[in-house]
Each structure stands twice: as C-alpha cells, then as structure tokens.
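Asker: Take a look at coords-v1.csv, CSV, C-alpha atoms:
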```csv
chain,number,residue,atom,x,y,z
A,1,MET,CA,12.6,15.0,-5.2
A,2,LEU,CA,11.4,12.3,-2.9
A,3,LYS,CA,14.5,12.5,-0.7
A,4,GLU,CA,14.0,16.2,0.0
A,5,LYS,CA,10.3,15.6,0.8
A,6,ILE,CA,11.2,12.8,3.3
A,7,LYS,CA,14.0,14.9,4.9
A,8,ALA,CA,11.7,17.9,5.2
A,9,LYS,CA,8.9,15.7,6.6
A,10,GLU,CA,6.4,16.9,4.1
A,11,SER,CA,2.8,15.7,3.9
A,12,GLY,CA,1.4,14.6,0.5
A,13,ILE,CA,4.1,12.1,-0.6
A,14,VAL,CA,2.4,9.9,-3.3
A,15,LEU,CA,3.7,6.5,-4.2
A,16,TYR,CA,2.5,3.7,-6.5
A,17,GLY,CA,3.2,0.1,-5.7
A,18,ILE,CA,3.7,-2.9,-8.0
A,19,THR,CA,4.8,-6.5,-7.6
A,20,PRO,CA,7.5,-7.7,-10.0
A,21,PRO,CA,6.5,-10.4,-12.5
A,22,LYS,CA,6.6,-14.1,-11.6
A,23,ALA,CA,10.1,-15.6,-11.7
A,24,LYS,CA,8.8,-18.4,-13.9
A,25,HIS,CA,8.2,-16.0,-16.8
A,26,THR,CA,10.6,-16.0,-19.8
A,27,ASP,CA,12.7,-12.9,-20.5
A,28,ASP,CA,10.4,-12.0,-23.4
A,29,GLU,CA,7.3,-12.3,-21.2
A,30,ILE,CA,8.9,-10.1,-18.6
A,31,GLN,CA,9.7,-7.5,-21.2
A,32,VAL,CA,6.0,-7.4,-22.2
A,33,ILE,CA,4.9,-7.0,-18.6
A,34,ALA,CA,7.5,-4.3,-18.0
A,35,GLN,CA,6.3,-2.3,-20.9
A,36,LYS,CA,2.8,-2.4,-19.6
A,37,HIS,CA,4.1,-1.1,-16.2
A,38,VAL,CA,6.1,1.6,-17.9
A,39,GLN,CA,3.2,2.8,-20.0
A,40,ARG,CA,0.9,2.8,-17.0
A,41,ILE,CA,3.3,4.6,-14.7
A,42,LYS,CA,5.4,7.0,-16.7
A,43,ASN,CA,2.8,9.8,-16.8
A,44,LEU,CA,1.4,9.5,-13.2
A,45,GLU,CA,3.4,12.3,-11.7
A,46,ILE,CA,4.2,10.4,-8.5
A,47,ASP,CA,7.0,10.9,-6.0
A,48,GLY,CA,8.2,7.3,-6.3
A,49,LEU,CA,7.5,3.7,-7.4
A,50,VAL,CA,7.4,1.0,-4.8
A,51,LEU,CA,8.6,-2.5,-5.8
A,52,TYR,CA,7.7,-5.3,-3.4
A,53,ASP,CA,9.9,-8.1,-2.4
A,54,ILE,CA,7.4,-11.0,-2.0
A,55,GLN,CA,8.0,-13.7,0.6
A,56,ASP,CA,6.0,-16.8,1.4
A,57,GLU,CA,3.8,-16.0,4.4
A,58,ALA,CA,2.4,-19.5,5.0
A,59,ASP,CA,3.9,-19.7,8.5
A,60,ARG,CA,1.9,-16.6,9.5
A,61,THR,CA,-1.5,-18.3,9.5
A,62,GLN,CA,-3.1,-21.7,9.5
A,63,GLU,CA,-5.7,-20.5,6.9
A,64,ASN,CA,-5.3,-21.8,3.3
A,65,ARG,CA,-3.8,-19.2,0.9
A,66,PRO,CA,-6.6,-18.2,-1.5
A,67,PHE,CA,-4.1,-17.8,-4.3
A,68,PRO,CA,-1.0,-20.1,-4.6
A,69,PHE,CA,2.4,-18.5,-3.7
A,70,MET,CA,4.7,-18.0,-6.7
A,71,LYS,CA,8.2,-16.6,-6.5
A,72,THR,CA,8.6,-13.2,-8.1
A,73,LEU,CA,11.6,-11.5,-9.8
A,74,ASP,CA,14.0,-9.7,-7.5
A,75,PRO,CA,12.7,-6.1,-7.2
A,76,THR,CA,16.2,-4.5,-7.7
A,77,LEU,CA,16.8,-6.6,-10.8
A,78,TYR,CA,13.4,-5.8,-12.2
A,79,SER,CA,13.8,-2.1,-11.5
A,80,GLU,CA,17.2,-1.8,-13.1
A,81,LYS,CA,17.0,-4.2,-16.0
A,82,TYR,CA,13.4,-3.8,-17.1
A,83,LEU,CA,12.1,-0.4,-15.9
A,84,SER,CA,15.1,1.7,-17.0
A,85,GLU,CA,12.8,4.0,-19.0
A,86,LEU,CA,11.2,5.3,-15.9
A,87,THR,CA,12.9,8.3,-14.3
A,88,ILE,CA,11.1,8.4,-11.0
A,89,PRO,CA,12.7,7.2,-7.7
A,90,ARG,CA,12.3,3.5,-6.8
A,91,VAL,CA,11.5,2.4,-3.3
A,92,VAL,CA,12.7,-1.2,-3.3
A,93,TYR,CA,11.4,-3.4,-0.5
A,94,LYS,CA,13.9,-5.8,1.0
A,95,ALA,CA,12.6,-8.9,2.9
A,96,VAL,CA,15.8,-9.1,4.8
A,97,GLY,CA,15.2,-12.6,6.3
A,98,LYS,CA,15.5,-14.1,2.8
A,99,TYR,CA,19.1,-13.1,2.4
A,100,THR,CA,22.4,-14.1,3.8
A,101,GLU,CA,24.7,-11.5,5.4
A,102,GLU,CA,26.9,-11.7,2.3
A,103,GLU,CA,24.0,-11.0,0.0
A,104,MET,CA,22.9,-8.1,2.1
A,105,ILE,CA,26.4,-6.6,2.1
A,106,SER,CA,26.7,-7.0,-1.7
A,107,TRP,CA,23.3,-5.4,-2.2
A,108,LEU,CA,24.1,-2.5,0.1
A,109,LYS,CA,27.3,-1.8,-1.7
A,110,LYS,CA,25.4,-1.8,-5.0
A,111,THR,CA,22.9,0.6,-3.6
A,112,LYS,CA,25.5,3.3,-3.4
A,113,GLU,CA,25.5,3.4,-7.2
A,114,SER,CA,21.9,2.5,-8.2
A,115,GLN,CA,19.4,2.5,-5.4
A,116,HIS,CA,18.6,5.4,-3.1
A,117,TYR,CA,15.5,4.3,-1.2
A,118,SER,CA,14.5,1.0,0.4
A,119,VAL,CA,12.0,-0.4,3.0
A,120,PHE,CA,13.3,-3.2,5.1
A,121,VAL,CA,10.7,-5.9,5.9
A,122,GLY,CA,10.9,-8.4,8.7
A,123,ALA,CA,9.7,-12.0,9.0
A,124,ALA,CA,6.0,-12.7,8.4
A,125,SER,CA,5.8,-14.6,11.7
A,126,ASP,CA,7.9,-15.5,14.7
A,127,THR,CA,8.4,-19.0,13.4
A,128,GLN,CA,9.7,-18.0,10.0
A,129,LYS,CA,13.3,-19.0,9.4
A,130,GLN,CA,15.6,-16.1,9.0
A,131,THR,CA,19.2,-15.9,7.9
A,132,ILE,CA,19.7,-12.3,9.1
A,133,SER,CA,17.8,-10.3,11.6
A,134,MET,CA,16.4,-6.8,11.2
A,135,ARG,CA,18.8,-5.5,13.8
A,136,ASP,CA,21.7,-6.9,11.8
A,137,ALA,CA,20.3,-5.4,8.6
A,138,TYR,CA,20.0,-2.0,10.2
A,139,LYS,CA,23.6,-2.2,11.4
A,140,LEU,CA,24.9,-3.3,8.0
A,141,LYS,CA,23.0,-0.4,6.3
A,142,LYS,CA,24.6,2.1,8.7
A,143,GLU,CA,28.1,0.7,8.2
A,144,ILE,CA,28.0,0.2,4.4
A,145,ASN,CA,25.6,2.8,3.0
A,146,ASP,CA,24.2,5.2,5.5
A,147,GLU,CA,23.1,7.5,2.7
A,148,LEU,CA,20.4,5.0,1.7
A,149,THR,CA,17.0,6.6,2.6
A,150,LEU,CA,15.4,3.8,4.6
A,151,GLY,CA,11.8,3.2,5.4
A,152,GLY,CA,10.0,0.8,7.6
A,153,ILE,CA,6.7,-1.1,7.8
A,154,MET,CA,3.8,0.0,10.0
A,155,ILE,CA,0.8,-2.2,10.6
A,156,PRO,CA,-2.3,-0.4,12.1
A,157,GLU,CA,-4.0,-3.7,12.7
A,158,ARG,CA,-1.2,-4.9,15.0
A,159,HIS,CA,-1.7,-1.8,17.1
A,160,THR,CA,-5.3,-2.8,17.9
A,161,LYS,CA,-4.1,-6.0,19.4
A,162,LYS,CA,-0.8,-5.1,21.1
A,163,LEU,CA,-1.1,-1.3,21.4
A,164,ASP,CA,2.6,-0.9,20.8
A,165,GLU,CA,2.9,-0.2,17.1
A,166,HIS,CA,3.9,3.4,17.8
A,167,LEU,CA,6.7,2.1,20.0
A,168,ARG,CA,7.9,-0.3,17.2
A,169,VAL,CA,7.9,2.7,14.9
A,170,TYR,CA,9.8,4.8,17.4
A,171,SER,CA,12.4,2.0,17.7
A,172,LYS,CA,12.8,1.8,14.0
A,173,ILE,CA,13.3,5.5,13.7
A,174,ASN,CA,16.1,5.2,16.2
A,175,SER,CA,17.5,2.5,13.9
A,176,GLY,CA,17.5,4.8,10.9
A,177,CYS,CA,14.1,4.7,9.4
A,178,GLU,CA,13.0,8.0,7.9
A,179,PHE,CA,9.5,7.2,6.7
A,180,PHE,CA,7.0,4.4,7.1
A,181,VAL,CA,4.7,2.6,4.7
A,182,SER,CA,1.6,0.9,6.2
A,183,GLN,CA,0.0,-2.3,5.3
A,184,CYS,CA,-3.2,-1.7,3.3
A,185,VAL,CA,-5.8,0.2,5.4
A,186,TYR,CA,-9.4,-0.8,5.5
A,187,ASN,CA,-9.8,-0.2,9.3
A,188,LEU,CA,-10.0,3.6,9.8
A,189,GLU,CA,-10.2,3.5,13.5
A,190,ALA,CA,-7.1,1.3,13.9
A,191,ALA,CA,-5.1,3.7,11.8
A,192,LYS,CA,-6.4,6.8,13.7
A,193,LYS,CA,-5.6,5.1,17.0
A,194,PHE,CA,-2.1,4.5,15.9
A,195,LEU,CA,-1.7,8.1,14.7
A,196,TYR,CA,-2.9,9.4,18.0
A,197,ASP,CA,-0.5,7.3,20.1
A,198,TYR,CA,2.3,8.0,17.6
A,199,ALA,CA,1.8,11.7,18.1
A,200,GLN,CA,1.5,11.4,21.8
A,201,ASN,CA,4.7,9.4,22.1
A,202,THR,CA,6.7,11.9,20.1
A,203,LYS,CA,5.2,15.2,21.4
A,204,ASP,CA,8.2,15.9,23.5
A,205,ASP,CA,10.6,15.3,20.6
A,206,SER,CA,9.1,16.5,17.3
A,207,ASN,CA,12.2,15.5,15.5
A,208,LYS,CA,11.0,11.9,15.9
A,209,ILE,CA,7.9,12.6,13.7
A,210,VAL,CA,8.5,11.2,10.2
A,211,PRO,CA,6.1,10.7,7.3
A,212,ILE,CA,3.5,7.9,7.5
A,213,ILE,CA,2.5,6.7,4.1
A,214,PHE,CA,-0.8,4.8,4.2
A,215,THR,CA,-1.3,2.0,1.6
A,216,LEU,CA,-4.6,1.8,-0.2
A,217,THR,CA,-5.8,-0.9,-2.7
A,218,PRO,CA,-9.1,-1.4,-4.5
A,219,CYS,CA,-10.9,-4.7,-4.1
A,220,GLY,CA,-12.8,-6.0,-7.1
A,221,SER,CA,-14.1,-9.4,-6.0
A,222,ALA,CA,-15.0,-11.4,-2.9
A,223,LYS,CA,-11.9,-13.6,-3.7
A,224,THR,CA,-9.6,-10.6,-3.7
A,225,LEU,CA,-11.2,-9.6,-0.4
A,226,ASP,CA,-10.5,-13.0,1.1
A,227,PHE,CA,-6.9,-12.8,-0.1
A,228,MET,CA,-6.5,-9.4,1.5
A,229,LYS,CA,-7.8,-10.9,4.8
A,230,TRP,CA,-5.3,-13.8,4.4
A,231,LEU,CA,-2.5,-11.2,4.0
A,232,GLY,CA,-3.4,-9.8,7.4
A,233,ILE,CA,-5.4,-6.8,6.3
A,234,ASN,CA,-8.0,-6.0,8.9
A,235,ILE,CA,-11.4,-5.6,7.4
A,236,PRO,CA,-14.2,-5.0,10.0
A,237,SER,CA,-16.9,-7.7,9.7
A,238,TRP,CA,-19.6,-5.2,9.0
A,239,LEU,CA,-17.5,-3.7,6.2
A,240,GLU,CA,-16.7,-7.1,4.7
A,241,GLU,CA,-20.3,-8.0,4.6
A,242,LYS,CA,-21.2,-4.7,3.0
A,243,LEU,CA,-18.6,-5.0,0.3
A,244,LYS,CA,-19.5,-8.6,-0.5
A,245,LYS,CA,-23.2,-7.6,-0.9
A,246,SER,CA,-22.3,-4.6,-3.0
A,247,GLY,CA,-23.6,-4.3,-6.5
A,248,ASP,CA,-20.2,-2.9,-7.5
A,249,ILE,CA,-17.6,-4.0,-5.0
A,250,LEU,CA,-14.8,-2.4,-7.0
A,251,GLN,CA,-16.2,1.1,-7.1
A,252,ASP,CA,-17.4,0.9,-3.6
A,253,SER,CA,-13.9,-0.1,-2.4
A,254,VAL,CA,-12.4,2.9,-4.3
A,255,LYS,CA,-14.9,5.2,-2.7
A,256,LEU,CA,-14.2,3.8,0.7
A,257,SER,CA,-10.4,4.0,0.3
A,258,ARG,CA,-10.7,7.6,-0.8
A,259,GLU,CA,-12.8,8.5,2.2
A,260,ILE,CA,-10.4,6.7,4.5
A,261,PHE,CA,-7.4,8.6,3.1
A,262,GLU,CA,-9.2,12.0,3.4
A,263,GLU,CA,-10.0,11.3,7.0
A,264,LEU,CA,-6.5,10.2,7.8
A,265,TYR,CA,-4.9,13.1,5.9
A,266,LYS,CA,-7.1,15.7,7.8
A,267,TYR,CA,-6.4,13.9,11.1
A,268,GLY,CA,-2.6,13.9,10.4
A,269,GLN,CA,-2.8,17.7,9.9
A,270,GLU,CA,-4.5,18.1,13.2
A,271,MET,CA,-2.0,15.9,15.0
A,272,GLY,CA,1.1,17.4,13.2
A,273,ILE,CA,1.9,14.2,11.4
A,274,PRO,CA,3.0,14.2,7.7
A,275,ILE,CA,0.7,11.8,5.9
A,276,GLY,CA,1.2,10.4,2.4
A,277,CYS,CA,-0.3,7.6,0.3
A,278,ASN,CA,0.9,4.5,-1.5
A,279,VAL,CA,-1.7,3.1,-4.0
A,280,GLU,CA,-1.4,-0.5,-5.1
A,281,SER,CA,-3.4,-3.2,-6.8
A,282,VAL,CA,-3.3,-6.6,-5.0
A,283,ALA,CA,-5.0,-8.3,-7.9
A,284,ILE,CA,-3.7,-8.4,-11.5
A,285,ARG,CA,-7.1,-8.1,-13.1
A,286,LYS,CA,-7.2,-5.2,-15.6
A,287,GLU,CA,-10.3,-3.7,-13.9
A,288,GLU,CA,-8.6,-3.6,-10.5
A,289,ILE,CA,-5.4,-2.1,-11.9
A,290,GLU,CA,-7.3,0.6,-13.7
A,291,ALA,CA,-9.2,1.3,-10.5
A,292,SER,CA,-5.9,1.7,-8.6
A,293,ILE,CA,-4.9,4.4,-11.1
A,294,GLU,CA,-8.3,6.1,-10.7
A,295,LEU,CA,-7.8,6.0,-6.9
A,296,LEU,CA,-4.3,7.4,-7.2
A,297,LEU,CA,-5.6,10.4,-9.2
A,298,GLU,CA,-8.4,11.0,-6.6
A,299,ILE,CA,-5.8,10.8,-3.8
A,300,LYS,CA,-3.8,13.5,-5.5
A,301,ASP,CA,-6.9,15.7,-5.7
A,302,ILE,CA,-7.5,15.3,-2.0
A,303,ILE,CA,-4.0,16.3,-1.2
A,304,LYS,CA,-4.3,19.4,-3.4
A,305,LYS,CA,-7.6,20.3,-1.7
A,306,TYR,CA,-5.9,20.5,1.7
A,307,GLU,CA,-2.6,22.1,0.7
A,308,LYS,CA,-1.8,25.0,3.0
```
Can you turn what I pasted into structure tokens?

Answerer:
Amino acid sequence: MLKEKIKAKESGIVLYGITPPKAKHTDDEIQVIAQKHVQRIKNLEIDGLVLYDIQDEADRTQENRPFPFMKTLDPTLYSEKYLSELTIPRVVYKAVGKYTEEEMISWLKKTKESQHYSVFVGAASDTQKQTISMRDAYKLKKEINDELTLGGIMIPERHTKKLDEHLRVYSKINSGCEFFVSQCVYNLEAAKKFLYDYAQNTKDDSNKIVPIIFTLTPCGSAKTLDFMKWLGINIPSWLEEKLKKSGDILQDSVKLSREIFEELYKYGQEMGIPIGCNVESVAIRKEEIEASIELLLEIKDIIKKYEK
C-alpha cells in the first residue's frame, strides 16, 4: 500500500500523473476520456495515480502561453465519478489558493470518507490572488483530517536560484508533509544539488528525511518543449538545442529522462534519501502518452535493478 511505503520511507514509489478532462466537455465526452484513462492505467502496477488541479499561471511570467489555458474538471470529482473502476490509490492535487476556507473545510471533511492522499499546491506567483494561504490550509488539514497523507511540491530549478528549496521542504515537513513530488526534471545537476543540501540539512535528524518523488515527462515536439519551459521547467540551453535538432525528439527525451532518473536514484541511495518517480505526459498527443507508458515501465526496471 502507498501509505505504508510513505510511512516506511521506502525508495521506489512509482506514480503516474494525469490531468482531468477539460471542464467544457459534455458528460458523454468525459466518459469516453475516462475509459481511455482506465484502460491505460489499470494494468500498470503502480503505487498511485496522481490527478492534477490545474490553475492559470499567467501571473507567473510575461511570456505568452504556448497553449491556451482551459479550465479542467475538479480532480476529486473526476476521480470519484469517472475513475471508480480503478482500485489504485489516488493522489489528488489541491491548488489551495483557488478555494475559499469553507470549500477547503468541506473538502477535508469529505476526504475522511473517500480520499486518503493529497498534495497541496501554493500560488503560481507572489502576485496571484489567493483566498486561502498554504499556512491556513495546513492548519485546517491538521484540525479536520490529520489522517490525510499529505505531500508537497519540490522545485529543483528554484533551488539553483535561491538555494533554499531544501529549507522550504523542511518547513513543509514540519507542517505535516510526508512526501514530495517534484516539478518535471530536465536539469540533473539542479536536482542533485537539491538532494545534497536536503541530506545535509537533515543529517542530524534522519526522521526528517521523507520520500522525494521526481516527475518525468517525455517531450515529443519543439512546441511541447516550449510549453514545458513556459511552465517553469528548467531545460539547460545546450539540452534544449540538442533536443530541437534531434531526429527523434520523443525517443531522445525518453532516453534522457531514463538516464536522469537512474542517476538520481543511485545518488539518493548514496545520500540515504528515498527516491521515487512520477511519470506524466504534458501533451495529449497519442505518441507522447504512449511514450510516457514506455518510460514508466523502464523506470520500474531501473528500480528493480537497484533493489537491495
């Protein structure tokens, strides 16, 4: 069970991430999309399914969004109403700033019955309007449903600029987070720098070490690559140029992601940090979704390879 693996701080947790359908779809269209998700996911043998809570991040950057923002279905609703065939645990993201205090209280009460894992997500930028703060969300979770297994977001790229991501993680652990899911990783050195500082900061208190789950995603086109950059994913300039000139950008990105994860998994073992993986597909093109499944299976093989 996912909860036991998190509590035991095990390495090798494997998640698969999806975005709920667009809210503009009819119920029949959502049913069709959901069945495709169910068929794709039901035999993957993963520890949990991540469902994202999408928020408009236009305030985060002055760059034009490569793809238009479209509101998506609430992830809890999508999980419960349309994915009931799946028996695996659901890790539902909650962009807390989108909700009022009353909505958060109602949702937390509901989680006692139906939802056992969540990741709280803060504002996309300092200027984004919020109706409830992360501090308040943590407090409400503790008061209303302290049994909810809570995760946090970790952003390696932020660590290269501010050098304090390990301190942010440590603070979130003190607020109740028991695992962390990273933003998609294409910068290996940034991720390793974070892991090193994270290990150093917790070496006097090993109880503060919790699983770090790195997100990986294939990239099948230059436009997808531009969108990933717009989302804040750090792609070194030399790597961006290499991928855009690639004869097969999709397979090269899968190979790169596999190599990044293997290096991070080995490094985590050296540093005493439990490492896991969350595979997603940023794009909705069939080829990129299929590549994400291919990557997931290869990640599982890497984990088996290093099992002690």

Asker: Of the candidates A:Glu290, A:Pro211, A:Ile233, A:Leu108, which one gets nearest to Glu10 of chain A if we count all atoms listed in the file?

Answerer: A:Pro211

Asker: Can you measure atom CA of Leu295 of chain A to atom CA of Lys255 of chain A for me? One decimal in Å is fine.

Answerer: 8.3 Å

Asker: Just give me the gap between atom CA of Ala137 of chain A and atom CA of Val96 of chain A in Å, one decimal is fine.

Answerer: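 These two atoms are separated by 7.0 Å.
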
Asker: Just want the 12 Å neighbourhood of segment 76-83 of chain A, counted on only C-alpha atoms, with same-chain residues fewer than 3 positions away dropped. Output as number ranges by chain.

Answerer: A: 18-23, 27-42, 49-53, 72-73, 86-94, 107-108, 110-111, 113-118

Asker: As an exercise, work out the distance from atom CA of Leu44 of chain A to atom CA of Tyr306 of chain A in Å and give it to one decimal place.

Answerer: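 Separation between atom CA of Leu44 of chain A and atom CA of Tyr306 of chain A: 19.9 Å.
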
Asker: Counting all atoms listed in the file, which residue out of A:Glu157, A:Asp301, A:Glu280, A:Glu147 sits closest to Cys177 of chain A?

Answerer: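 Looking at the shortest contact to Cys177 of chain A, the residue is A:Glu147.
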
Asker: Counting all atoms listed in the file, which residues come within 9 Å of (-0.2, 5.4, 18.5), with the point read in the file's coordinates, and could you list them as a ChimeraX atom specification?

Answerer: /A:156,159,163-167,191-201

Asker: Which residues are close to Met134 of chain A, i.e. within 9 Å by all atoms listed in the file, leaving aside same-chain residues fewer than 5 positions away? Reply as a ChimeraX atom specification.

Answerer: /A:96-97,120-123,139

Asker: Which residue out of A:Ser133, A:Ile273, A:Glu262, A:Lys112 has the minimum interatomic distance to Tyr99 of chain A when only C-alpha atoms are used?

Answerer: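 Smallest separation from Tyr99 of chain A among the options: A:Ser133.
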
Asker: Near Ile302 of chain A, within 9 Å and counting all atoms listed in the file, which residues show up once chain neighbours fewer than 6 positions away are dropped, as a compact mmCIF listing (two decimals) with C-alpha atoms, keeping the file's coordinate frame?

Answerer:
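Once everything was written out, this is result.txt:
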```txt
# COMPACT_ATOMS: atom_id res chain seq x y z
CA ARG A 258 -10.70 7.60 -0.80
CA PHE A 261 -7.40 8.60 3.10
CA GLU A 262 -9.20 12.00 3.40
CA TYR A 265 -4.90 13.10 5.90
```

Asker: Quick one: segment 175-220 of chain A with C-alpha atoms, as a CSV table (one decimal), in the first residue's frame?

Answerer:
```csv
chain,number,residue,atom,x,y,z
A,175,SER,CA,3.7,21.4,8.6
A,176,GLY,CA,2.7,17.8,8.0
A,177,CYS,CA,4.0,16.8,4.6
A,178,GLU,CA,5.2,13.2,4.4
A,179,PHE,CA,6.4,13.1,0.8
A,180,PHE,CA,7.3,15.4,-2.0
A,181,VAL,CA,6.6,15.4,-5.8
A,182,SER,CA,8.9,17.5,-7.9
A,183,GLN,CA,8.2,19.6,-10.9
A,184,CYS,CA,9.3,17.8,-14.1
A,185,VAL,CA,13.1,17.3,-14.1
A,186,TYR,CA,15.3,18.0,-17.1
A,187,ASN,CA,18.1,19.6,-15.2
A,188,LEU,CA,20.0,16.8,-13.5
A,189,GLU,CA,22.5,19.0,-11.7
A,190,ALA,CA,19.8,21.2,-10.1
A,191,ALA,CA,18.1,18.0,-8.8
A,192,LYS,CA,21.3,16.6,-7.4
A,193,LYS,CA,22.3,19.9,-5.7
A,194,PHE,CA,18.9,19.9,-4.0
A,195,LEU,CA,19.3,16.3,-2.8
A,196,TYR,CA,22.8,17.1,-1.4
A,197,ASP,CA,21.6,20.1,0.6
A,198,TYR,CA,18.4,18.2,1.7
A,199,ALA,CA,20.5,15.4,3.0
A,200,GLN,CA,23.0,17.8,4.7
A,201,ASN,CA,20.2,19.7,6.4
A,202,THR,CA,18.6,16.6,7.8
A,203,LYS,CA,21.7,14.6,8.7
A,204,ASP,CA,21.3,15.4,12.4
A,205,ASP,CA,17.6,14.3,12.3
A,206,SER,CA,17.1,11.4,10.0
A,207,ASN,CA,13.4,11.4,10.9
A,208,LYS,CA,13.0,14.5,8.7
A,209,ILE,CA,14.0,12.5,5.6
A,210,VAL,CA,10.9,11.7,3.6
A,211,PRO,CA,10.5,10.3,0.0
A,212,ILE,CA,11.3,12.6,-2.9
A,213,ILE,CA,9.4,11.6,-6.0
A,214,PHE,CA,10.8,13.1,-9.2
A,215,THR,CA,8.5,13.8,-12.0
A,216,LEU,CA,9.5,12.9,-15.6
A,217,THR,CA,7.7,13.6,-18.8
A,218,PRO,CA,8.5,12.8,-22.5
A,219,CYS,CA,8.7,15.6,-24.9
A,220,GLY,CA,7.5,14.9,-28.5
```
